[in-house]
Amino acid sequence: MNNHNTLLDIQNLSVEFRTDDGVVKAVNDMSLQIERGKTLGLVGETGAGKTTTALSILRLIPDPPGVITGGSITLDGEDILAASKHQLEKMRGSLVSMIFQDPMTSLNPVLPVGEQIAEVYILHERINKQEAAKKAGEMLELVGIPASRGRDYPHQFSGGMKQRVVIAMALACNPKLLIADEPTTALDVTIQAQVLKLMKELKSKYDMSMLMITHDLGIVAEVCDEVSVMYAGRVVEHGTLEDIYEHTAHPYTEGLFHSIPNIDARAHRLIPIPGLMPDPTDLPPGCPFAPRCSYAVEECSKALPTRIQLSDTHSVSCILRQKEE
Amino acid sequence: MKDSTAAATMGKEQSKKRKRSQMTEIWRRMRRNRLAMFGLVIVSILIIVAIFANQIADYNTVAIKQNVVERLQGPSAEHWAGTDEFGRDIFARLVHGARISLLVGVVAVCIALVTGGILGAIAGYFGGTVDNVIMRIMDIFLSIPILLLAIMIVAALGSSMLNLMIAIGLASMPTFARIVRASVLSVKDQEFVEAARAIGAKNNHIILRHIMPNCLSPIIVQATLRVATAILSTASLSFISLGIQAPAPEWGAMLASGRAYIRDAPHIVIIPGLLIMITILSLNLLGDGLRDALDPKLKR
Amino acid sequence: MHKYIFKRILMMIPVVIGVSLLVFMVLKMTPGDPARVVAGSEADEATVAQIREELGLNKPVLQQYVDYMAGMLHGDMGNSYTTGKPVFSEILSRMPTTFILAFAGVLVAVLIGIPLGIISATKQYSILDNISTLLALTGVAMPNFWLGLMLILVFALQLGWLPSGGVTSWQGYILPAVTLGVGATANFMRTTRSSMLEVIRQDYIRTVRAKGANEKRVILRHALRNALIPVITVIGLQIGTLLGGAVVNETVFSLPGVGMLMINSINKKDEPVVLGCLITFAVVFSLVNLFVDILYAYIDPRIKSQYR
């Protein structure tokens, strides 16, 4: 599995949040890989553990209460979980960058945006302030903002413009992996398309890998090569775009598709997934999706389904598929 | 906030029951906060002592009766906190002092609450020019430090206990005006108030029935904290001889008259000061605890 | 920026007028006839009436106020009833003492309170955090004048290290400044701590960490400046409390400042001096708030742009 072409390899990662109200098992025994130059979509409902997984890669899970309890993360050959504080600081922003969900709050309100971009250069490259400012200006131009606006403060930009600034900041040092955590959720639909297009262009220009976290299957279809579907802290299905869209294997993935309105089949009723995600402080012993699953059989709530390969690229964790074999 | 809509449709019995369970929830949160419980216990003791001051030590024969033979004695079995420069029992004076401090503090806060609350509610509810005029006047009050404002009012009216209460009360008024106004503004346009207005409720009914319950928590918290400020201001004013006059055993006045003897009988100064500190500390802890218990969202 | 400052100054004028008018009106409510006080109890009605005329006391109150403020602009705040000296120069000569005291108090509080707050926030629930929280709680609860007396007891009377009062040398300011600063220190510490805790949970701090900044840079360059915004409000408010505290402290340490002058004058019913002192305090406090607001705009760019 671990060939030289794999940039990010997460194996059996588990993350808990130890709070007063109990232990929240946010990520459970979760694995995923991203190849160099490829984009992986991480899909799931709010609370499925997508953001926690992403923050683990940067080791930015708030601690306390968050604790990584097991597994391994290997990024470009480096063991992230064993890295020292200093090593992590060197990696963040240069080897791996992250774009956060809400551009409104992800920029420091009291510093000019140009300065915030230039900071990345000052942190990772041995250059002086003037050069850093110049490069920050070039970066702004690259994302479609005049360099002169670098002197302005975040509150003087619109949401879409701010997200462009955040993208410029994330790409400044040419990272090998870009993590985008719902980068367009907080934006207007027209702006969403612009920002996505920009990200796609820059991704191929710099030949980066990307981890695209989203709950929007439309975005996945547009930008991703492969997809991992996450539920209650686990990957329940993984495959290429074609595997997931054309040969949907997991009932949860199927549910996600049924929840999207479809213009070509308006007569077709929307079928929302009934119920809510299980309480992460008290996960059921069997398949976590069983209580909401319309195909569930008695065995589903007894033991966790094992992962089975349906093809070279397609895997799923569901007892129904085990039986078929 | 949904409470009020729900309560309106529910039967009175049910809403009473709900309120009771809300109270037990608040109490449960309070009890977990050890510092707040410490504050509550001390404040309760002070209130009991203040109420039964005369049973503990008679005012005329003990608290203000001079007895020069026994002057400036240190703490002993007979005089728990020693005696002052006139031979009066300091413990008895502190007990009666608690009565004065709490009375002034509570009355002053009531004055502040009523005046500030009414002005704030009017300003927030009616808005526009009324709001502007009232709040600019409050700003002017706020732009003078509380102690200076109190000094000014006492200087004009003369120093008596009533004037002291008025002075400290008026000085704290803008705080309550602001809280009430802010709460009114935040709930004024919410659906349940609009709904009440739509079914024809009168202005004052809306303010009293729907808006006031919503700003109760910040008011309770501020009132507790303000009693502390008021007691501290009373002591400060009495210390600079603008507050309660001798021979009344006010804590600050006791410090003022005792300071001449600080070298030979430091207990005269140390003990009343410690008591003021513990009182203020307890009220502050109680206020902070109440804030956490009443508004768990704010707790971190 | 200049436009903002200019607007802020314009906005201050009605406040200064309002404050001084309030002080003026309240003091005019004082029972008793000031002309009678000046004339002395033995003077006859004609003399009292004449003095009333001289002092302009028979004019309407509002007219008296306008005259007073006009005089103040020329450095004329009337004469003391008891000493006959001009109030303006009396206050001016005592101003430095009060200013040094208040400034030293703020300085002590800023230098100790803010760093302690930062450390407490970054090492939340550590021993240091618990100790400084406890100290802050007692610091706020301690009556200022009592702390002053305790410091005198220990450092002046018992140890004999520092003078117990007066301003014959700079050492005379140490105990008063510390006394005055303790309450404010506690306040600044608590505000800095809670505001810092609030800020370090913000998204943009996570962004800074994601850029690869180390903890020191995260705190000092990014979090602190945001965290200081509420602290500055508290500093502004606290300076008012400090001015009030200075009044009491001058009594404790027998410092010949404006506060001491005012209290003596209240006891002697010397109305012009009391009025002068109160108006001076009110104007100074308004100026301090103006300064704080301008400082605000330097730290928080969002405020400035509201005034463009």
# chains A, B, ... in the order shown; residues from 1 in each chain; ligands from 1
>>> residues_around(residues="stretch 280-282 of chain C", least_positions_apart="4", cutoff="10 Å", atoms="only C-alpha atoms", output="list in words")
Ile140, Ser143, Ile144, Pro145, Leu148 and Leu149 of chain B; Val15, Val16, Val19, Ser20, Val23, Phe88, Ile91, Leu92, Met95, Gly240, Leu243, Gly244, Val258, Gly259, Val274, Leu275, Gly276, Ser286, Leu287 and Val288 of chain C
>>> interface_residues(of="chain C", to="chain B", cutoff="7 Å", atoms="only C-alpha atoms", output="number ranges by chain")
C: 15, 18-19, 26-27, 29-30, 137-138, 141-143, 146, 157, 240-241, 244, 248, 266, 282, 286
>>> residues_around(residues="stretch 99-102 of chain C", least_positions_apart="3", cutoff="7 Å", atoms="only C-alpha atoms", output="PyMOL selection string")
chain C and resi 95-96+105-106+173+176-177+242-243+246
>>> write_last_selection(atoms="C-alpha atoms", output="compact mmCIF listing (two decimals), in the first residue's frame")
# COMPACT_ATOMS: atom_id res chain seq x y z
CA MET C 95 -2.23 68.93 40.01
CA PRO C 96 1.26 67.40 39.53
CA GLY C 105 -0.66 53.66 39.66
CA VAL C 106 -1.68 52.91 36.05
CA TYR C 173 5.29 58.02 45.88
CA PRO C 176 0.76 55.36 47.32
CA ALA C 177 1.38 54.22 43.75
CA LEU C 242 -8.00 55.55 39.97
CA LEU C 243 -8.72 59.28 40.07
CA ALA C 246 -6.29 59.02 44.34
>>> closest_atom_pairs(of="chain A", to="chain C", cutoff="6 Å", atoms="only C-alpha atoms", output="tab-separated table")
residue	atom	partner	partner_atom	distance
A:Glu89	CA	C:Gly212	CA	4.3
A:Lys90	CA	C:Gly212	CA	6.0
A:Arg92	CA	C:Gly212	CA	4.5
A:Gly93	CA	C:Lys211	CA	4.2
A:Thr105	CA	C:Asp203	CA	5.7
A:Ser106	CA	C:Tyr204	CA	4.0
A:Leu107	CA	C:Tyr204	CA	4.9
A:Asn108	CA	C:Tyr204	CA	5.3
A:Val110	CA	C:Asp300	CA	5.6
>>> residues_around(residues="stretch 273-284 of chain A", least_positions_apart="6", cutoff="10 Å", atoms="only C-alpha atoms", output="CSV table (one decimal) with N, CA, C and O atoms, in the first residue's frame")
chain,number,residue,atom,x,y,z
A,16,GLU,N,-9.9,11.3,20.2
A,16,GLU,CA,-11.0,11.4,21.2
A,16,GLU,C,-11.0,12.9,21.8
A,16,GLU,O,-9.9,13.5,21.8
A,17,PHE,N,-12.1,13.3,22.2
A,17,PHE,CA,-12.2,14.6,22.9
A,17,PHE,C,-12.7,14.2,24.3
A,17,PHE,O,-13.8,13.7,24.5
A,18,ARG,N,-11.8,14.5,25.3
A,18,ARG,CA,-12.2,14.1,26.7
A,18,ARG,C,-12.8,15.3,27.4
A,18,ARG,O,-12.1,16.2,27.8
A,19,THR,N,-14.1,15.4,27.4
A,19,THR,CA,-14.8,16.5,28.0
A,19,THR,C,-15.5,16.1,29.3
A,19,THR,O,-15.5,15.0,29.7
A,21,ASP,N,-18.5,16.1,29.8
A,21,ASP,CA,-19.8,15.3,29.6
A,21,ASP,C,-19.5,13.9,29.0
A,21,ASP,O,-20.4,13.2,28.6
A,22,GLY,N,-18.2,13.5,29.0
A,22,GLY,CA,-17.9,12.2,28.5
A,22,GLY,C,-16.9,12.3,27.4
A,22,GLY,O,-16.4,13.3,27.0
A,23,VAL,N,-16.4,11.1,26.9
A,23,VAL,CA,-15.4,11.0,25.9
A,23,VAL,C,-16.1,11.0,24.5
A,23,VAL,O,-16.9,10.1,24.2
A,24,VAL,N,-15.8,12.0,23.7
A,24,VAL,CA,-16.3,12.0,22.4
A,24,VAL,C,-15.4,11.3,21.4
A,24,VAL,O,-14.2,11.8,21.3
A,25,LYS,N,-15.8,10.2,20.8
A,25,LYS,CA,-14.9,9.5,19.9
A,25,LYS,C,-15.2,10.1,18.5
A,25,LYS,O,-16.1,9.7,17.8
A,26,ALA,N,-14.3,11.0,18.2
A,26,ALA,CA,-14.6,11.8,16.9
A,26,ALA,C,-14.1,11.0,15.7
A,26,ALA,O,-14.7,11.1,14.7
A,27,VAL,N,-12.9,10.4,15.8
A,27,VAL,CA,-12.4,9.7,14.7
A,27,VAL,C,-12.0,8.3,15.2
A,27,VAL,O,-11.4,8.1,16.3
A,45,GLU,N,-21.6,13.9,6.8
A,45,GLU,CA,-22.4,14.9,7.4
A,45,GLU,C,-21.6,15.7,8.4
A,45,GLU,O,-20.5,15.3,8.8
A,46,THR,N,-22.1,16.8,8.9
A,46,THR,CA,-21.5,17.6,10.0
A,46,THR,C,-21.3,16.7,11.2
A,46,THR,O,-22.3,16.0,11.6
A,47,GLY,N,-20.1,16.7,11.8
A,47,GLY,CA,-19.9,15.9,13.0
A,47,GLY,C,-19.4,14.5,12.7
A,47,GLY,O,-19.2,13.7,13.5
A,48,ALA,N,-19.1,14.2,11.4
A,48,ALA,CA,-18.7,12.9,11.0
A,48,ALA,C,-17.2,12.7,11.3
A,48,ALA,O,-16.7,11.6,11.3
A,49,GLY,N,-16.5,13.8,11.7
A,49,GLY,CA,-15.1,13.7,12.0
A,49,GLY,C,-14.1,14.2,10.9
A,49,GLY,O,-12.9,14.0,11.0
A,231,TYR,N,-18.5,8.3,8.1
A,231,TYR,CA,-19.6,8.3,8.9
A,231,TYR,C,-19.2,7.9,10.3
A,231,TYR,O,-18.5,6.9,10.6
A,232,ALA,N,-19.6,8.8,11.3
A,232,ALA,CA,-19.3,8.5,12.7
A,232,ALA,C,-17.9,8.2,12.9
A,232,ALA,O,-17.5,7.3,13.6
A,233,GLY,N,-17.0,9.0,12.3
A,233,GLY,CA,-15.6,8.8,12.6
A,233,GLY,C,-14.9,7.7,11.8
A,233,GLY,O,-13.7,7.4,12.1
A,251,PRO,N,-25.0,1.8,1.9
A,251,PRO,CA,-26.3,2.4,2.1
A,251,PRO,C,-26.3,3.9,2.5
A,251,PRO,O,-27.1,4.7,2.0
A,252,TYR,N,-25.3,4.2,3.2
A,252,TYR,CA,-25.1,5.6,3.6
A,252,TYR,C,-24.8,6.5,2.4
A,252,TYR,O,-25.4,7.6,2.3
A,254,GLU,N,-25.5,5.9,-0.6
A,254,GLU,CA,-26.8,5.9,-1.3
A,254,GLU,C,-27.7,7.0,-0.8
A,254,GLU,O,-28.3,7.8,-1.5
A,255,GLY,N,-27.8,7.0,0.6
A,255,GLY,CA,-28.7,8.0,1.2
A,255,GLY,C,-28.2,9.4,0.9
A,255,GLY,O,-29.1,10.3,0.7
A,256,LEU,N,-26.9,9.6,0.9
A,256,LEU,CA,-26.4,10.9,0.5
A,256,LEU,C,-26.9,11.4,-0.9
A,256,LEU,O,-27.3,12.5,-1.1
A,257,PHE,N,-26.8,10.4,-1.8
A,257,PHE,CA,-27.2,10.7,-3.2
A,257,PHE,C,-28.7,11.0,-3.2
A,257,PHE,O,-29.1,11.9,-3.9
A,258,HIS,N,-29.5,10.3,-2.5
A,258,HIS,CA,-30.9,10.5,-2.5
A,258,HIS,C,-31.3,11.9,-1.9
A,258,HIS,O,-32.4,12.4,-2.1
A,259,SER,N,-30.4,12.4,-1.1
A,259,SER,CA,-30.7,13.7,-0.4
A,259,SER,C,-30.5,14.9,-1.3
A,259,SER,O,-30.7,16.0,-0.9
A,290,ALA,N,-26.3,1.4,11.3
A,290,ALA,CA,-27.4,0.4,11.4
A,290,ALA,C,-28.7,1.0,11.8
A,290,ALA,O,-29.8,0.8,11.2
A,291,PRO,N,-28.8,1.9,12.9
A,291,PRO,CA,-30.1,2.4,13.3
A,291,PRO,C,-30.8,3.2,12.3
A,291,PRO,O,-32.0,3.3,12.3
A,292,ARG,N,-30.1,3.8,11.3
A,292,ARG,CA,-30.8,4.6,10.3
A,292,ARG,C,-30.9,3.9,9.0
A,292,ARG,O,-31.4,4.4,8.0
A,293,CYS,N,-30.4,2.7,8.9
A,293,CYS,CA,-30.2,2.0,7.6
A,293,CYS,C,-31.5,1.2,7.3
A,293,CYS,O,-31.9,0.4,8.1
A,294,SER,N,-32.0,1.4,6.1
A,294,SER,CA,-33.2,0.7,5.7
A,294,SER,C,-33.0,-0.8,5.3
A,294,SER,O,-33.9,-1.6,5.2
A,301,SER,N,-26.2,-4.8,14.1
A,301,SER,CA,-25.9,-4.1,15.3
A,301,SER,C,-25.1,-5.0,16.3
A,301,SER,O,-24.9,-4.6,17.4
A,302,LYS,N,-24.5,-6.1,15.8
A,302,LYS,CA,-23.7,-7.0,16.7
A,302,LYS,C,-22.2,-6.7,16.6
A,302,LYS,O,-21.6,-6.6,17.6
A,303,ALA,N,-21.7,-6.6,15.4
A,303,ALA,CA,-20.3,-6.4,15.2
A,303,ALA,C,-20.0,-5.4,14.1
A,303,ALA,O,-20.8,-5.2,13.2
A,304,LEU,N,-18.9,-4.8,14.2
A,304,LEU,CA,-18.5,-3.8,13.2
A,304,LEU,C,-18.2,-4.6,11.9
A,304,LEU,O,-17.6,-5.6,11.9
>>> atom_distance(atom1="atom CA of A:Asp152", atom2="atom CA of C:Lys3")
18.2 Å
>>> select_by_dssp(residues="stretch 144-300 of chain A", states="strand (DSSP E or B)", output="list in words")
Leu177, Leu178, Ile179, Ala180, Asp181, Ser209, Met210, Leu211, Met212, Ile213, Thr214, Glu226, Val227, Ser228, Val229, Met230, Tyr231, Arg234, Val235, Val236, Glu237, His238, Gly239 and Thr240 of chain A
>>> atom_distance(atom1="atom CA of B:Met138", atom2="atom CA of C:Leu237")
14.8 Å
>>> closest_residue(among="B:Gly243, B:Glu78, B:Ser238, B:Ser217", to="C:Phe145", atoms="only C-alpha atoms")
B:Ser238
>>> residues_around(residues="C:Val61", least_positions_apart="6", cutoff="9 Å", atoms="only C-alpha atoms", output="VMD selection string")
chain C and resid 24 to 25 28
>>> select_by_dssp(residues="stretch 205-263 of chain A", states="alpha helix (DSSP H)", output="VMD selection string")
chain A and resid 205 to 206 217 to 223 241 to 246 251 to 258
>>> atom_distance(atom1="atom CA of A:Leu217", atom2="atom CA of A:Pro261")
11.2 Å
>>> residues_around(residues="A:Ala221", least_positions_apart="5", cutoff="10 Å", atoms="only C-alpha atoms", output="list in words")
Gly41, Asp216, Glu226, Val227, Leu241, Glu242, Ile244 and Tyr245 of chain A
>>> residues_around(residues="B:Arg71", least_positions_apart="5", cutoff="10 Å", atoms="only C-alpha atoms", output="list of chain:residue names")
B:Gln66, B:Gly82, B:Thr83, B:Asp84, B:Glu85, B:Phe86, B:Gly87, B:Arg88, B:Asp89, B:Ala265
